[in-house]
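**Q** Dropping in target_34.pdb, which is PDB, C-alpha atoms:
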ATOM      1  CA  MET A  22       0.000   0.000   0.000
ATOM      2  CA  GLN A  23       1.118   3.526  -0.622
ATOM      3  CA  PHE A  24      -0.514   6.793   0.230
ATOM      4  CA  ALA A  25       2.380   9.149  -0.200
ATOM      5  CA  PRO A  26       1.430  12.801   0.208
ATOM      6  CA  ASP A  27       3.667  13.904  -2.651
ATOM      7  CA  PRO A  28       3.460  17.501  -3.885
ATOM      8  CA  ASP A  29       0.977  16.555  -6.627
ATOM      9  CA  PHE A  30      -1.604  15.539  -4.050
ATOM     10  CA  TYR A  31      -1.569  19.066  -2.625
ATOM     11  CA  SER A  32      -1.319  20.847  -5.997
ATOM     12  CA  VAL A  33      -4.614  21.923  -7.534
ATOM     13  CA  VAL A  34      -4.882  21.880 -11.329
ATOM     14  CA  GLU A  35      -7.693  22.436 -13.823
ATOM     15  CA  VAL A  36      -8.710  19.133 -15.410
ATOM     16  CA  GLU A  37     -10.811  18.598 -18.528
ATOM     17  CA  ILE A  38     -14.119  17.100 -17.402
ATOM     18  CA  SER A  39     -14.241  14.983 -20.553
ATOM     19  CA  SER A  40     -11.001  13.233 -19.478
ATOM     20  CA  LEU A  41     -12.491  11.970 -16.203
ATOM     21  CA  SER A  42     -14.070   8.568 -15.596
ATOM     22  CA  ILE A  43     -16.607   7.520 -12.992
ATOM     23  CA  GLY A  44     -17.394   4.251 -11.292
ATOM     24  CA  GLY A  45     -16.301   2.337  -8.220
ATOM     25  CA  SER A  46     -17.937   4.846  -5.895
ATOM     26  CA  PRO A  47     -18.843   3.684  -2.371
ATOM     27  CA  ARG A  48     -22.172   5.502  -2.877
ATOM     28  CA  SER A  49     -24.523   2.800  -4.219
ATOM     29  CA  SER A  50     -27.493   5.106  -4.854
ATOM     30  CA  GLY A  51     -25.543   7.524  -7.060
ATOM     31  CA  GLU A  52     -25.613  11.284  -6.712
ATOM     32  CA  SER A  53     -28.367  13.325  -5.087
ATOM     33  CA  ARG A  54     -29.948  15.651  -7.673
ATOM     34  CA  GLU A  55     -30.975  18.055  -4.931
ATOM     35  CA  HIS A  56     -27.424  18.263  -3.591
ATOM     36  CA  VAL A  57     -26.021  18.767  -7.106
ATOM     37  CA  GLU A  58     -28.405  21.691  -7.706
ATOM     38  CA  LEU A  59     -27.482  23.164  -4.320
ATOM     39  CA  LEU A  60     -23.775  23.069  -5.238
ATOM     40  CA  ALA A  61     -24.474  24.485  -8.718
ATOM     41  CA  ALA A  62     -26.179  27.477  -7.107
ATOM     42  CA  ALA A  63     -23.241  28.158  -4.768
ATOM     43  CA  THR A  64     -21.658  31.562  -5.307
ATOM     44  CA  GLY A  65     -18.206  30.794  -3.950
ATOM     45  CA  PRO A  66     -15.597  28.332  -5.242
ATOM     46  CA  LEU A  67     -16.024  24.687  -4.268
ATOM     47  CA  PRO A  68     -13.187  22.478  -2.978
ATOM     48  CA  PRO A  69     -11.218  20.626  -5.677
ATOM     49  CA  ILE A  70     -12.225  17.069  -6.497
ATOM     50  CA  VAL A  71      -9.764  14.192  -6.008
ATOM     51  CA  VAL A  72      -8.796  12.081  -9.025
ATOM     52  CA  HIS A  73      -6.929   8.772  -9.254
ATOM     53  CA  ARG A  74      -4.245   9.687 -11.768
ATOM     54  CA  PRO A  75      -3.560   6.167 -13.193
ATOM     55  CA  THR A  76      -7.234   5.682 -14.130
ATOM     56  CA  MET A  77      -8.488   9.318 -14.128
ATOM     57  CA  ARG A  78     -11.371   8.055 -11.994
ATOM     58  CA  VAL A  79     -13.036  10.499  -9.610
ATOM     59  CA  ILE A  80     -12.246   9.415  -6.043
ATOM     60  CA  ASP A  81     -14.060  12.237  -4.289
ATOM     61  CA  GLY A  82     -16.324  14.995  -5.597
ATOM     62  CA  MET A  83     -18.923  13.430  -7.885
ATOM     63  CA  HIS A  84     -21.554  15.932  -6.722
ATOM     64  CA  ARG A  85     -19.158  18.802  -7.484
ATOM     65  CA  LEU A  86     -18.440  17.277 -10.891
ATOM     66  CA  ARG A  87     -22.154  16.989 -11.695
ATOM     67  CA  ALA A  88     -22.677  20.581 -10.542
ATOM     68  CA  ALA A  89     -19.890  21.773 -12.842
ATOM     69  CA  GLN A  90     -21.474  19.881 -15.737
ATOM     70  CA  LEU A  91     -24.859  21.381 -14.900
ATOM     71  CA  CYS A  92     -23.290  24.838 -15.101
ATOM     72  CA  GLY A  93     -21.804  24.016 -18.512
ATOM     73  CA  ARG A  94     -18.180  24.085 -17.378
ATOM     74  CA  ARG A  95     -15.526  22.210 -19.343
ATOM     75  CA  THR A  96     -12.890  22.033 -16.609
ATOM     76  CA  ILE A  97     -12.860  21.517 -12.853
ATOM     77  CA  PRO A  98     -10.135  22.020 -10.192
ATOM     78  CA  ALA A  99      -8.677  18.727  -8.984
ATOM     79  CA  ARG A 100      -5.958  17.116  -6.899
ATOM     80  CA  PHE A 101      -4.301  13.874  -8.011
ATOM     81  CA  PHE A 102      -3.744  10.685  -6.030
ATOM     82  CA  ASP A 103      -1.154   8.234  -7.424
ATOM     83  CA  GLY A 104      -1.550   5.186  -5.182
ATOM     84  CA  PRO A 105      -3.026   1.741  -5.936
ATOM     85  CA  GLU A 106      -6.736   1.377  -6.691
ATOM     86  CA  ASP A 107      -7.398  -0.366  -3.363
ATOM     87  CA  ASP A 108      -5.978   2.628  -1.503
ATOM     88  CA  ALA A 109      -7.891   4.976  -3.801
ATOM     89  CA  PHE A 110     -11.110   3.317  -2.650
ATOM     90  CA  VAL A 111     -10.073   3.654   1.004
ATOM     91  CA  LEU A 112      -9.375   7.351   0.445
ATOM     92  CA  SER A 113     -12.746   7.753  -1.270
ATOM     93  CA  VAL A 114     -14.550   6.257   1.711
ATOM     94  CA  ARG A 115     -12.585   8.309   4.216
ATOM     95  CA  LEU A 116     -13.272  11.566   2.380
ATOM     96  CA  ASN A 117     -16.947  10.781   1.894
ATOM     97  CA  ILE A 118     -17.564  10.358   5.612
ATOM     98  CA  ALA A 119     -15.620  13.509   6.496
ATOM     99  CA  HIS A 120     -17.492  16.147   4.483
ATOM    100  CA  GLY A 121     -20.244  16.758   1.959
ATOM    101  CA  LEU A 122     -23.185  14.373   1.751
ATOM    102  CA  PRO A 123     -22.360  11.541   4.208
ATOM    103  CA  LEU A 124     -22.407   7.916   3.098
ATOM    104  CA  SER A 125     -25.433   5.947   4.255
ATOM    105  CA  LEU A 126     -25.013   3.214   6.870
ATOM    106  CA  PRO A 127     -25.505   0.403   4.284
ATOM    107  CA  ASP A 128     -22.877   2.030   2.034
ATOM    108  CA  ARG A 129     -20.435   2.270   4.948
ATOM    109  CA  LYS A 130     -20.926  -1.390   5.777
ATOM    110  CA  SER A 131     -20.511  -2.372   2.133
ATOM    111  CA  ALA A 132     -17.325  -0.292   1.937
ATOM    112  CA  ALA A 133     -16.045  -1.897   5.149
ATOM    113  CA  GLU A 134     -16.542  -5.379   3.698
ATOM    114  CA  LYS A 135     -14.546  -4.371   0.627
ATOM    115  CA  ILE A 136     -11.720  -2.932   2.754
ATOM    116  CA  ILE A 137     -11.648  -6.063   4.927
ATOM    117  CA  GLU A 138     -11.069  -8.035   1.723
ATOM    118  CA  SER A 139      -8.472  -5.687   0.206
ATOM    119  CA  HIS A 140      -6.647  -4.883   3.481
ATOM    120  CA  PRO A 141      -6.979  -8.045   5.643
ATOM    121  CA  ASP A 142      -4.004  -6.973   7.766
ATOM    122  CA  TRP A 143      -5.797  -3.812   8.960
ATOM    123  CA  SER A 144      -7.221  -3.951  12.480
ATOM    124  CA  ASP A 145     -10.908  -3.550  13.244
ATOM    125  CA  ARG A 146     -10.268  -0.129  14.767
ATOM    126  CA  LEU A 147      -8.279   1.112  11.788
ATOM    127  CA  ILE A 148     -11.042   0.096   9.372
ATOM    128  CA  ALA A 149     -13.635   1.551  11.751
ATOM    129  CA  SER A 150     -11.879   4.928  11.750
ATOM    130  CA  THR A 151     -11.838   4.866   7.943
ATOM    131  CA  THR A 152     -15.503   3.939   7.459
ATOM    132  CA  GLY A 153     -17.119   5.776  10.366
ATOM    133  CA  LEU A 154     -18.370   2.551  11.929
ATOM    134  CA  SER A 155     -17.642   1.011  15.317
ATOM    135  CA  ALA A 156     -14.871  -1.548  15.810
ATOM    136  CA  LYS A 157     -17.530  -3.974  17.044
ATOM    137  CA  THR A 158     -19.407  -3.656  13.742
ATOM    138  CA  ILE A 159     -16.194  -4.248  11.779
ATOM    139  CA  SER A 160     -15.462  -7.334  13.881
ATOM    140  CA  GLU A 161     -18.906  -8.732  13.112
ATOM    141  CA  LEU A 162     -18.503  -8.002   9.387
ATOM    142  CA  ARG A 163     -15.076  -9.659   9.402
ATOM    143  CA  ARG A 164     -16.421 -12.821  11.037
ATOM    144  CA  ARG A 165     -19.153 -13.003   8.405
ATOM    145  CA  THR A 166     -17.119 -12.144   5.304
ATOM    146  CA  ALA A 167     -13.596 -13.395   6.111
ATOM    147  CA  PRO A 168     -13.766 -16.004   8.894
ATOM    148  CA  GLU A 169     -10.629 -17.845   7.691
ATOM    149  CA  SER A 170      -8.216 -14.908   7.361
ATOM    150  CA  PRO A 171      -4.558 -16.108   7.239
ATOM    151  CA  CYS A 172      -3.256 -13.007   9.036
ATOM    152  CA  VAL A 173      -1.545 -13.619  12.379
ATOM    153  CA  ALA A 174      -1.108  -9.888  13.072
ATOM    154  CA  ARG A 175      -2.785  -6.644  12.137
ATOM    155  CA  ILE A 176      -1.859  -2.977  11.756
ATOM    156  CA  GLY A 177      -3.492  -0.714  14.333
ATOM    157  CA  ARG A 178      -4.541   2.921  14.047
ATOM    158  CA  ASP A 179      -1.141   3.932  15.424
ATOM    159  CA  GLY A 180       0.627   2.035  12.643
ATOM    160  CA  ARG A 181       2.048  -0.603  14.980
ATOM    161  CA  VAL A 182       1.698  -4.306  14.204
ATOM    162  CA  ARG A 183       0.072  -6.414  16.897
ATOM    163  CA  SER A 184      -0.489 -10.129  17.110
ATOM    164  CA  ILE A 185      -4.111 -11.217  16.792
ATOM    165  CA  ASN A 186      -3.383 -14.147  19.056
ATOM    166  CA  ARG A 187      -0.351 -13.988  21.332
ATOM    167  CA  VAL A 188      -0.527 -17.701  21.996
ATOM    168  CA  SER A 189      -0.268 -18.600  18.312
ATOM    169  CA  GLY A 190       2.397 -15.915  17.800
ATOM    170  CA  ARG A 191       4.600 -17.325  20.545
ATOM    171  CA  THR A 192       4.023 -20.874  19.308
ATOM    172  CA  LEU A 193       4.968 -19.910  15.752
ATOM    173  CA  ALA A 194       8.098 -18.136  17.016
ATOM    174  CA  TYR A 195       9.065 -21.282  18.948
ATOM    175  CA  ASP A 196       8.625 -23.438  15.826
ATOM    176  CA  LEU A 197      10.716 -21.044  13.713
ATOM    177  CA  MET A 198      13.569 -21.006  16.246
ATOM    178  CA  THR A 199      13.488 -24.774  16.519
ATOM    179  CA  LYS A 200      13.768 -25.207  12.746
ATOM    180  CA  ASP A 201      16.415 -22.495  12.239
ATOM    181  CA  PRO A 202      18.195 -21.173  15.376
ATOM    182  CA  SER A 203      20.148 -18.671  13.236
ATOM    183  CA  LEU A 204      17.071 -16.539  12.467
ATOM    184  CA  SER A 205      17.210 -13.061  13.984
ATOM    185  CA  PHE A 206      14.693 -11.904  16.574
ATOM    186  CA  ARG A 207      13.382  -9.195  14.251
ATOM    187  CA  HIS A 208      12.898 -11.646  11.377
ATOM    188  CA  ILE A 209      10.949 -14.031  13.603
ATOM    189  CA  ALA A 210       8.931 -11.167  15.100
ATOM    190  CA  ARG A 211       7.928  -9.973  11.632
ATOM    191  CA  ILE A 212       6.707 -13.450  10.588
ATOM    192  CA  ALA A 213       4.971 -14.288  13.890
ATOM    193  CA  GLY A 214       3.385 -10.869  14.358
ATOM    194  CA  ILE A 215       4.878 -10.289  17.810
ATOM    195  CA  SER A 216       7.533  -7.942  19.162
ATOM    196  CA  PRO A 217      11.276  -8.743  19.184
ATOM    197  CA  GLU A 218      11.154  -8.630  23.002
ATOM    198  CA  THR A 219       8.463 -11.321  22.986
ATOM    199  CA  VAL A 220      10.655 -13.434  20.685
ATOM    200  CA  ARG A 221      13.527 -12.933  23.134
ATOM    201  CA  ASP A 222      11.315 -14.168  25.963
ATOM    202  CA  VAL A 223      10.310 -17.226  23.917
ATOM    203  CA  ARG A 224      14.022 -17.985  23.310
ATOM    204  CA  LYS A 225      14.777 -17.744  27.042
ATOM    205  CA  ARG A 226      11.865 -20.023  27.877
ATOM    206  CA  MET A 227      12.991 -22.492  25.234
ATOM    207  CA  HIS A 228      16.520 -22.598  26.723
ATOM    208  CA  ARG A 229      15.018 -23.247  30.162
ATOM    209  CA  GLY A 230      12.918 -26.086  28.734
ATOM    210  CA  GLU A 231       9.659 -24.244  29.433
ATOM    211  CA  SER A 232       6.567 -23.746  27.280
ATOM    212  CA  PRO A 233       6.794 -20.734  24.919
ATOM    213  CA  VAL A 234       3.489 -19.484  26.366
ATOM    214  CA  PRO A 235       3.502 -18.382  30.042
ATOM    215  CA  ALA A 236       1.059 -20.117  32.352
ATOM    216  CA  GLY A 237      -2.362 -18.504  32.307
ATOM    217  CA  ARG A 238      -2.130 -17.292  28.707
ATOM    218  CA  HIS A 239      -3.073 -20.543  26.996
ATOM    219  CA  LYS A 240      -6.730 -19.650  27.233
ATOM    220  CA  ARG A 241      -6.233 -16.158  25.900
ATOM    221  CA  ALA A 242      -6.913 -16.512  22.196
ATOM    222  CA  VAL A 243      -9.398 -13.753  21.508
ATOM    223  CA  PRO A 244      -8.818 -11.827  18.242
ATOM    224  CA  GLY A 245      -8.482  -8.071  18.562
ATOM    225  CA  GLU A 246      -6.014  -5.287  19.033
ATOM    226  CA  LEU A 247      -3.665  -6.017  21.899
ATOM    227  CA  PRO A 248      -1.219  -3.612  23.527
ATOM    228  CA  PRO A 249       2.391  -3.802  22.344
ATOM    229  CA  ALA A 250       4.245  -6.746  23.858
ATOM    230  CA  GLY A 251       7.518  -4.943  24.415
ATOM    231  CA  PRO A 252       9.188  -1.552  24.680
ATOM    232  CA  VAL A 253      10.197   0.644  21.785
ATOM    233  CA  ASP A 254      13.209  -0.819  19.973
ATOM    234  CA  ARG A 255      15.473   2.239  20.160
ATOM    235  CA  PRO A 256      18.550   0.464  18.723
ATOM    236  CA  ALA A 257      16.436  -0.393  15.678
ATOM    237  CA  ALA A 258      15.444   3.245  15.359
ATOM    238  CA  ARG A 259      19.107   4.268  15.466
ATOM    239  CA  ARG A 260      19.967   1.703  12.792
ATOM    240  CA  ALA A 261      17.165   3.052  10.613
ATOM    241  CA  LEU A 262      18.693   6.538  10.819
ATOM    242  CA  GLU A 263      21.845   5.204   9.158
ATOM    243  CA  GLN A 264      19.864   5.202   5.895
ATOM    244  CA  PRO A 265      19.517   8.316   3.702
ATOM    245  CA  PRO A 266      16.782  10.646   5.065
ATOM    246  CA  ALA A 267      14.777  10.344   1.827
ATOM    247  CA  ALA A 268      14.644   6.542   2.228
ATOM    248  CA  ILE A 269      13.461   6.873   5.835
ATOM    249  CA  VAL A 270      10.684   9.271   4.817
ATOM    250  CA  ASP A 271       9.642   6.869   2.035
ATOM    251  CA  ARG A 272       9.204   4.154   4.674
ATOM    252  CA  LEU A 273       7.149   6.505   6.849
ATOM    253  CA  LYS A 274       4.911   7.263   3.863
ATOM    254  CA  ALA A 275       3.835   3.612   3.867
ATOM    255  CA  ASP A 276       2.564   3.879   7.459
ATOM    256  CA  PRO A 277      -1.260   4.107   7.482
ATOM    257  CA  ALA A 278      -1.240   5.793  10.880
ATOM    258  CA  LEU A 279       0.443   8.778   9.215
ATOM    259  CA  ARG A 280      -0.828   8.778   5.657
ATOM    260  CA  LEU A 281      -4.523   8.353   6.460
ATOM    261  CA  ASN A 282      -4.998  11.400   8.685
ATOM    262  CA  GLU A 283      -4.571  15.102   8.000
ATOM    263  CA  ASN A 284      -1.935  15.780  10.688
ATOM    264  CA  GLY A 285       0.096  12.778   9.559
ATOM    265  CA  ARG A 286       0.016  13.915   5.935
ATOM    266  CA  ASP A 287       1.125  17.408   6.994
ATOM    267  CA  LEU A 288       4.044  15.898   8.919
ATOM    268  CA  LEU A 289       5.079  13.722   5.964
ATOM    269  CA  ARG A 290       4.886  16.704   3.636
ATOM    270  CA  LEU A 291       7.183  18.708   5.948
ATOM    271  CA  LEU A 292       9.625  15.817   6.286
ATOM    272  CA  ASN A 293       9.625  15.336   2.515
ATOM    273  CA  ILE A 294      10.565  18.992   2.020
ATOM    274  CA  HIS A 295      13.431  18.763   4.510
ATOM    275  CA  THR A 296      15.076  15.670   3.013
ATOM    276  CA  ILE A 297      16.710  17.447   0.096
ATOM    277  CA  PRO A 298      20.434  16.633  -0.342
ATOM    278  CA  ARG A 299      23.081  18.796   1.352
ATOM    279  CA  GLU A 300      24.391  20.025  -1.992
ATOM    280  CA  ASP A 301      20.927  21.384  -2.807
ATOM    281  CA  TRP A 302      20.909  23.316   0.460
ATOM    282  CA  VAL A 303      24.238  24.825  -0.545
ATOM    283  CA  LYS A 304      22.751  25.925  -3.880
ATOM    284  CA  ILE A 305      19.730  27.413  -2.131
ATOM    285  CA  VAL A 306      21.894  29.383   0.294
ATOM    286  CA  ASP A 307      24.138  30.624  -2.522
ATOM    287  CA  SER A 308      21.109  31.887  -4.454
ATOM    288  CA  ILE A 309      19.636  33.958  -1.590
ATOM    289  CA  PRO A 310      20.010  37.698  -2.324
ATOM    290  CA  PRO A 311      21.865  39.702   0.363
ATOM    291  CA  HIS A 312      18.889  41.926   1.225
ATOM    292  CA  CYS A 313      16.838  38.825   2.193
ATOM    293  CA  ALA A 314      19.585  37.024   4.117
ATOM    294  CA  GLU A 315      18.944  38.405   7.605
ATOM    295  CA  ILE A 316      15.222  37.684   7.686
ATOM    296  CA  ILE A 317      15.757  34.183   6.242
ATOM    297  CA  VAL A 318      18.338  33.517   8.971
ATOM    298  CA  GLN A 319      15.722  34.356  11.605
ATOM    299  CA  LEU A 320      13.046  32.254   9.899
ATOM    300  CA  ALA A 321      15.440  29.302   9.552
ATOM    301  CA  ARG A 322      16.388  29.476  13.226
ATOM    302  CA  GLY A 323      12.704  29.640  14.153
ATOM    303  CA  CYS A 324      11.977  26.523  12.065
ATOM    304  CA  ALA A 325      14.927  24.724  13.646
ATOM    305  CA  GLN A 326      13.629  25.633  17.110
ATOM    306  CA  GLY A 327      10.221  24.217  16.176
ATOM    307  CA  TRP A 328      11.790  20.895  15.154
ATOM    308  CA  ARG A 329      13.869  20.807  18.365
ATOM    309  CA  GLU A 330      10.727  21.277  20.467
ATOM    310  CA  CYS A 331       9.015  18.538  18.437
ATOM    311  CA  ALA A 332      11.955  16.177  19.083
ATOM    312  CA  THR A 333      11.940  16.980  22.816
ATOM    313  CA  ARG A 334       8.206  16.278  23.131
ATOM    314  CA  LEU A 335       8.586  12.989  21.246
ATOM    315  CA  GLU A 336      11.513  11.910  23.463
ATOM    316  CA  ARG A 337       9.374  12.536  26.540
ATOM    317  CA  LYS A 338       6.542  10.553  24.991
ATOM    318  CA  ILE A 339       8.883   7.647  24.153
ATOM    319  CA  SER A 340      10.343   7.591  27.661
ATOM    320  CA  LYS A 341       6.859   7.011  29.082
ATOM    321  CA  THR A 342       6.193   3.939  26.891
TER     322      THR A 342
END
For this file, produce the structure as structure tokens.

**A**
Amino acid sequence: MQFAPDPDFYSVVEVEISSLSIGGSPRSSGESREHVELLAAATGPLPPIVVHRPTMRVIDGMHRLRAAQLCGRRTIPARFFDGPEDDAFVLSVRLNIAHGLPLSLPDRKSAAEKIIESHPDWSDRLIASTTGLSAKTISELRRRTAPESPCVARIGRDGRVRSINRVSGRTLAYDLMTKDPSLSFRHIARIAGISPETVRDVRKRMHRGESPVPAGRHKRAVPGELPPAGPVDRPAARRALEQPPAAIVDRLKADPALRLNENGRDLLRLLNIHTIPREDWVKIVDSIPPHCAEIIVQLARGCAQGWRECATRLERKISKT
């Protein structure tokens, strides 16, 4: 999956209406004529529609498109989304519950069933936040539509992967270590859907000749989002920072906890801007005219102070986990 907030997603361009395609909308009943006429009569500019660039299909804004057609316009302002079609549908659902004419309850449930199928590794709460339904409703839909899901772990709203069943995760980790003792903790954790610290505990228990599952947990096999099994892996974070900044930001762009909410997209956009190579910074500095230098110095220091405060707050937050 990819929902990268690249500059094109924030750029608004005029698009020929004749070049757009429709279909695949989560709205089963089509557009409301009354709402279209209301938008056509609006005196101010309407928000841009969102278009899936690979297919030129309208992701969000069919009522605005119909209103533009009703007014005889040939073009309409739009933003482009470049991700896969499955993610385009998710974005369509998310946008259509956030503004405009809300999706009906049956349409939300139908959309949830489709997302459960296309994103089986998403947790009930993550899908619930996307569709405007409760996690309990998503759980019921999942049991009815995908009772035999092969996933052993799911991605939560915070972007962290959690085991659906800690018992099965620990058991799978034990089997993997038995078959190949050379496997790293992180590799096993990724396959079993548990944390590296949990894998470490399984290894210790195995060396002591104990069961991989602590006493009292054998009966705990209820699917759902569980709290993280171990602390934040700070050495792993430091190793990740050995990569080029652009590569790190690309990895963050794949995190649904960031890319599927407005604040997260703003953060990714800022990080993307600040990952330009050092030589480009040199060129930028060399091109600044002398009469602008002093004020840019102050602005740059202010931005740097903002990032320092952000880092300090995050360090405090991490220390509490």

**Q** For the atom pair CA of Glu161 in chain A and CA of His140 in chain A, what is the interatomic distance in Å to one decimal place?

**A**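 Atom-to-atom, CA of Glu161 in chain A to CA of His140 in chain A, that is 16.1 Å.
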
**Q** Restricting the calculation to all atoms listed in the file: of A:Ala89, A:Ala132, A:Val111, A:Cys313, which residue gets closest to Ile38 in chain A?

**A**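 For Ile38 in chain A, the nearest of the candidates is A:Ala89.
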
**Q** At most 12 Å from (8.0, -22.8, 27.4), file frame, only C-alpha atoms: which residues, as a list in words?

**A**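 Returned residue set, sorted by chain then number, is Val188, Arg191, Thr192, Ala194, Tyr195, Asp196, Val220, Asp222, Val223, Arg224, Lys225, Arg226, Met227, His228, Arg229, Gly230, Glu231, Ser232, Pro233, Val234, Pro235, Ala236, Arg238 and His239 of chain A.
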
**Q** Tell me, in Å to one decimal, how far CA of Glu106 in chain A is from CA of Gly44 in chain A.

**A** 12.0 Å

**Q** If we draw a sphere of 8 Å around (-10.3, 22.5, -11.4), which residues have at least one atom in it when counting only C-alpha atoms? Please report them as a PyMOL selection string.

**A** chain A and resi 33-36+69-70+96-99

**Q** Kindly export the residues of the current selection with C-alpha atoms, as an mmCIF file, in the frame of the given file.

**A**
data_model
loop_
_atom_site.group_PDB
_atom_site.id
_atom_site.type_symbol
_atom_site.label_atom_id
_atom_site.label_comp_id
_atom_site.auth_asym_id
_atom_site.auth_seq_id
_atom_site.Cartn_x
_atom_site.Cartn_y
_atom_site.Cartn_z
ATOM 1 C CA VAL A 33 -4.614 21.923 -7.534
ATOM 2 C CA VAL A 34 -4.882 21.880 -11.329
ATOM 3 C CA GLU A 35 -7.693 22.436 -13.823
ATOM 4 C CA VAL A 36 -8.710 19.133 -15.410
ATOM 5 C CA PRO A 69 -11.218 20.626 -5.677
ATOM 6 C CA ILE A 70 -12.225 17.069 -6.497
ATOM 7 C CA THR A 96 -12.890 22.033 -16.609
ATOM 8 C CA ILE A 97 -12.860 21.517 -12.853
ATOM 9 C CA PRO A 98 -10.135 22.020 -10.192
ATOM 10 C CA ALA A 99 -8.677 18.727 -8.984
#

**Q** Return the padded bounding box of range 87-104 of chain A as JSON: axis-aligned, built from all atoms listed in the file, 5 Å added on each side, with centre and edge lengths in Å to one decimal.

**A**
{"center_x": -13.0, "center_y": 15.0, "center_z": -12.3, "size_x": 33.7, "size_y": 29.7, "size_z": 24.2}

**Q** Hey, which of A:Arg100, A:Arg87, A:Arg334, A:Arg54 ends up closest to Arg74 in chain A? Count only C-alpha atoms.

**A**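 Closest to Arg74 in chain A of all the choices is A:Arg100.
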